[in-house]
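Have a look at protein.cif below; it lists mmCIF, C-alpha atoms.
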data_query
#
loop_
_atom_site.group_PDB
_atom_site.id
_atom_site.type_symbol
_atom_site.label_atom_id
_atom_site.label_comp_id
_atom_site.auth_asym_id
_atom_site.auth_seq_id
_atom_site.Cartn_x
_atom_site.Cartn_y
_atom_site.Cartn_z
ATOM 1 C CA MET A 103 19.884 -7.793 10.010
ATOM 2 C CA THR A 104 19.425 -4.382 11.595
ATOM 3 C CA LEU A 105 16.992 -3.822 14.434
ATOM 4 C CA GLU A 106 14.925 -1.618 12.114
ATOM 5 C CA ASN A 107 14.600 -4.464 9.602
ATOM 6 C CA GLU A 108 13.746 -6.917 12.397
ATOM 7 C CA ILE A 109 10.926 -4.584 13.472
ATOM 8 C CA LYS A 110 9.665 -4.243 9.882
ATOM 9 C CA GLU A 111 9.618 -8.028 9.461
ATOM 10 C CA LEU A 112 7.808 -8.375 12.791
ATOM 11 C CA ILE A 113 5.186 -5.788 11.739
ATOM 12 C CA ILE A 114 4.574 -7.645 8.478
ATOM 13 C CA LYS A 115 4.389 -11.066 10.159
ATOM 14 C CA VAL A 116 2.289 -10.127 13.205
ATOM 15 C CA LEU A 117 -0.170 -7.965 11.270
ATOM 16 C CA GLU A 118 -0.250 -10.319 8.262
ATOM 17 C CA LEU A 119 0.547 -7.569 5.748
ATOM 18 C CA GLU A 120 1.054 -9.902 2.786
ATOM 19 C CA ASP A 121 1.188 -7.107 0.196
ATOM 20 C CA ILE A 122 4.027 -5.246 1.911
ATOM 21 C CA LYS A 123 7.770 -5.925 1.929
ATOM 22 C CA ALA A 124 10.155 -4.628 4.594
ATOM 23 C CA SER A 125 11.697 -2.344 1.969
ATOM 24 C CA ASP A 126 8.270 -0.688 1.511
ATOM 25 C CA ILE A 127 8.291 0.564 5.111
ATOM 26 C CA LYS A 128 10.373 3.700 5.652
ATOM 27 C CA ASP A 129 12.263 3.965 8.959
ATOM 28 C CA GLU A 130 10.905 7.435 9.772
ATOM 29 C CA GLU A 131 7.434 7.103 8.220
ATOM 30 C CA ALA A 132 4.418 7.192 10.536
ATOM 31 C CA LEU A 133 3.066 3.728 11.298
ATOM 32 C CA PHE A 134 -0.419 4.835 12.296
ATOM 33 C CA VAL A 135 -3.144 6.770 10.449
ATOM 34 C CA ASP A 136 -0.843 8.417 7.888
ATOM 35 C CA GLY A 137 2.059 6.454 6.508
ATOM 36 C CA LEU A 138 1.491 2.719 6.917
ATOM 37 C CA GLY A 139 -2.071 3.301 8.147
ATOM 38 C CA LEU A 140 -2.153 0.962 11.138
ATOM 39 C CA ASP A 141 -4.961 1.269 13.707
ATOM 40 C CA SER A 142 -5.384 0.759 17.464
ATOM 41 C CA ILE A 143 -5.988 -2.995 17.129
ATOM 42 C CA ASP A 144 -2.726 -3.248 15.154
ATOM 43 C CA ALA A 145 -1.016 -1.284 17.936
ATOM 44 C CA LEU A 146 -2.165 -3.794 20.550
ATOM 45 C CA GLU A 147 -1.011 -6.773 18.488
ATOM 46 C CA LEU A 148 2.312 -5.135 17.664
ATOM 47 C CA GLY A 149 2.815 -4.092 21.289
ATOM 48 C CA MET A 150 2.268 -7.650 22.518
ATOM 49 C CA ALA A 151 4.676 -9.038 19.915
ATOM 50 C CA LEU A 152 7.361 -6.470 20.795
ATOM 51 C CA LYS A 153 6.946 -7.163 24.529
ATOM 52 C CA LYS A 154 7.371 -10.881 23.897
ATOM 53 C CA LYS A 155 10.293 -10.638 21.456
ATOM 54 C CA TYR A 156 12.302 -7.921 23.239
ATOM 55 C CA ASN A 157 11.051 -8.419 26.820
ATOM 56 C CA LEU A 158 9.836 -4.807 26.960
ATOM 57 C CA THR A 159 7.655 -3.136 29.533
ATOM 58 C CA LEU A 160 5.287 -0.626 27.994
ATOM 59 C CA SER A 161 4.016 2.388 29.882
ATOM 60 C CA SER A 162 0.339 2.788 30.739
ATOM 61 C CA ASP A 163 0.744 6.375 29.469
ATOM 62 C CA LYS A 164 -0.854 6.462 26.014
ATOM 63 C CA LYS A 165 1.035 9.605 24.962
ATOM 64 C CA GLU A 166 4.342 8.014 25.936
ATOM 65 C CA ASN A 167 3.547 4.852 23.963
ATOM 66 C CA ALA A 168 2.340 6.868 20.960
ATOM 67 C CA LYS A 169 5.720 8.609 20.895
ATOM 68 C CA HIS A 170 7.579 5.266 20.872
ATOM 69 C CA PHE A 171 5.251 3.674 18.301
ATOM 70 C CA TYR A 172 5.365 6.621 15.878
ATOM 71 C CA SER A 173 7.763 4.989 13.412
ATOM 72 C CA VAL A 174 10.147 2.079 12.971
ATOM 73 C CA LYS A 175 13.001 4.417 13.986
ATOM 74 C CA THR A 176 11.306 5.514 17.230
ATOM 75 C CA LEU A 177 10.487 1.875 18.062
ATOM 76 C CA ALA A 178 14.094 0.842 17.424
ATOM 77 C CA ASP A 179 15.365 3.691 19.632
ATOM 78 C CA PHE A 180 12.931 2.659 22.385
ATOM 79 C CA ILE A 181 13.987 -1.005 22.178
ATOM 80 C CA ARG A 182 17.688 -0.085 22.233
ATOM 81 C CA SER A 183 17.210 2.091 25.311
ATOM 82 C CA ASN A 184 15.243 -0.607 27.153
ATOM 83 C CA THR A 185 17.215 -3.761 26.413
ATOM 84 C CA VAL A 186 20.668 -4.853 27.419
ATOM 85 C CA GLY A 187 23.008 -6.061 24.693
#

Before we go any further, please render this structure as structure tokens.
Amino acid sequence: MTLENEIKELIIKVLELEDIKASDIKDEEALFVDGLGLDSIDALELGMALKKKYNLTLSSDKKENAKHFYSVKTLADFIRSNTVG
């Protein structure tokens, strides 16, 4: 399974999006507001799950985090650049 698909499955599981399949989420589609339509509460839940699963440290800079959380692709790039192996 690719990292992008892992992230999609995590989004669906953590946010309990029963009506959505991983294949419904586009790698470069916005996750928040437009696109998937997630909100700030979803961002917190997803951030905690990503920190736990990938042992990430998220910045306290909201603009920086917004850039990483824009899409599945930007999240995958962020995870790859912040994890070893």

Quiz item: Taking (5.9, 2.6, 6.0) in the file's coordinates as the center, which residues reach within 9 Å of it, counting all atoms listed in the file, put as a PyMOL selection string?
Solution: chain A and resi 110+124-133+137-139+173-174

Quiz item: Got a sec to resolve the PyMOL selection byres ((chain A and resi 148) around 12) on this structure and send the residues as a VMD selection string?
Solution: chain A and resid 109 to 118 133 to 134 140 to 147 149 to 156 158 160 167 171 174 177

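The coordinates place CA of Ala178 in chain A at 6.3 Å from CA of Leu105 in chain A.
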
Quiz item: Interatomic distance between CA of Ser162 in chain A and CA of Asn184 in chain A?
Solution: 15.7 Å

Quiz item: Quick one: of A:Ser183, A:Thr104, A:Lys123, A:Val135, who's nearest to Ala168 in chain A, counting all atoms listed in the file?
Solution: A:Val135

Mind giving me the axis-aligned box for range 170-187 of chain A with 4 Å on every side, centre plus edges in Å to one decimal, as JSON?
{"center_x": 14.1, "center_y": 0.3, "center_z": 20.2, "size_x": 25.8, "size_y": 20.7, "size_z": 22.4}

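Closest approach to Tyr172 in chain A among A:Asn157, A:Asp136, A:Thr185, A:Leu119 is made by A:Asp136 (distances from all atoms listed in the file).
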
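Here CA of Glu106 in chain A is placed at a distance of 6.6 Å from CA of Lys175 in chain A.
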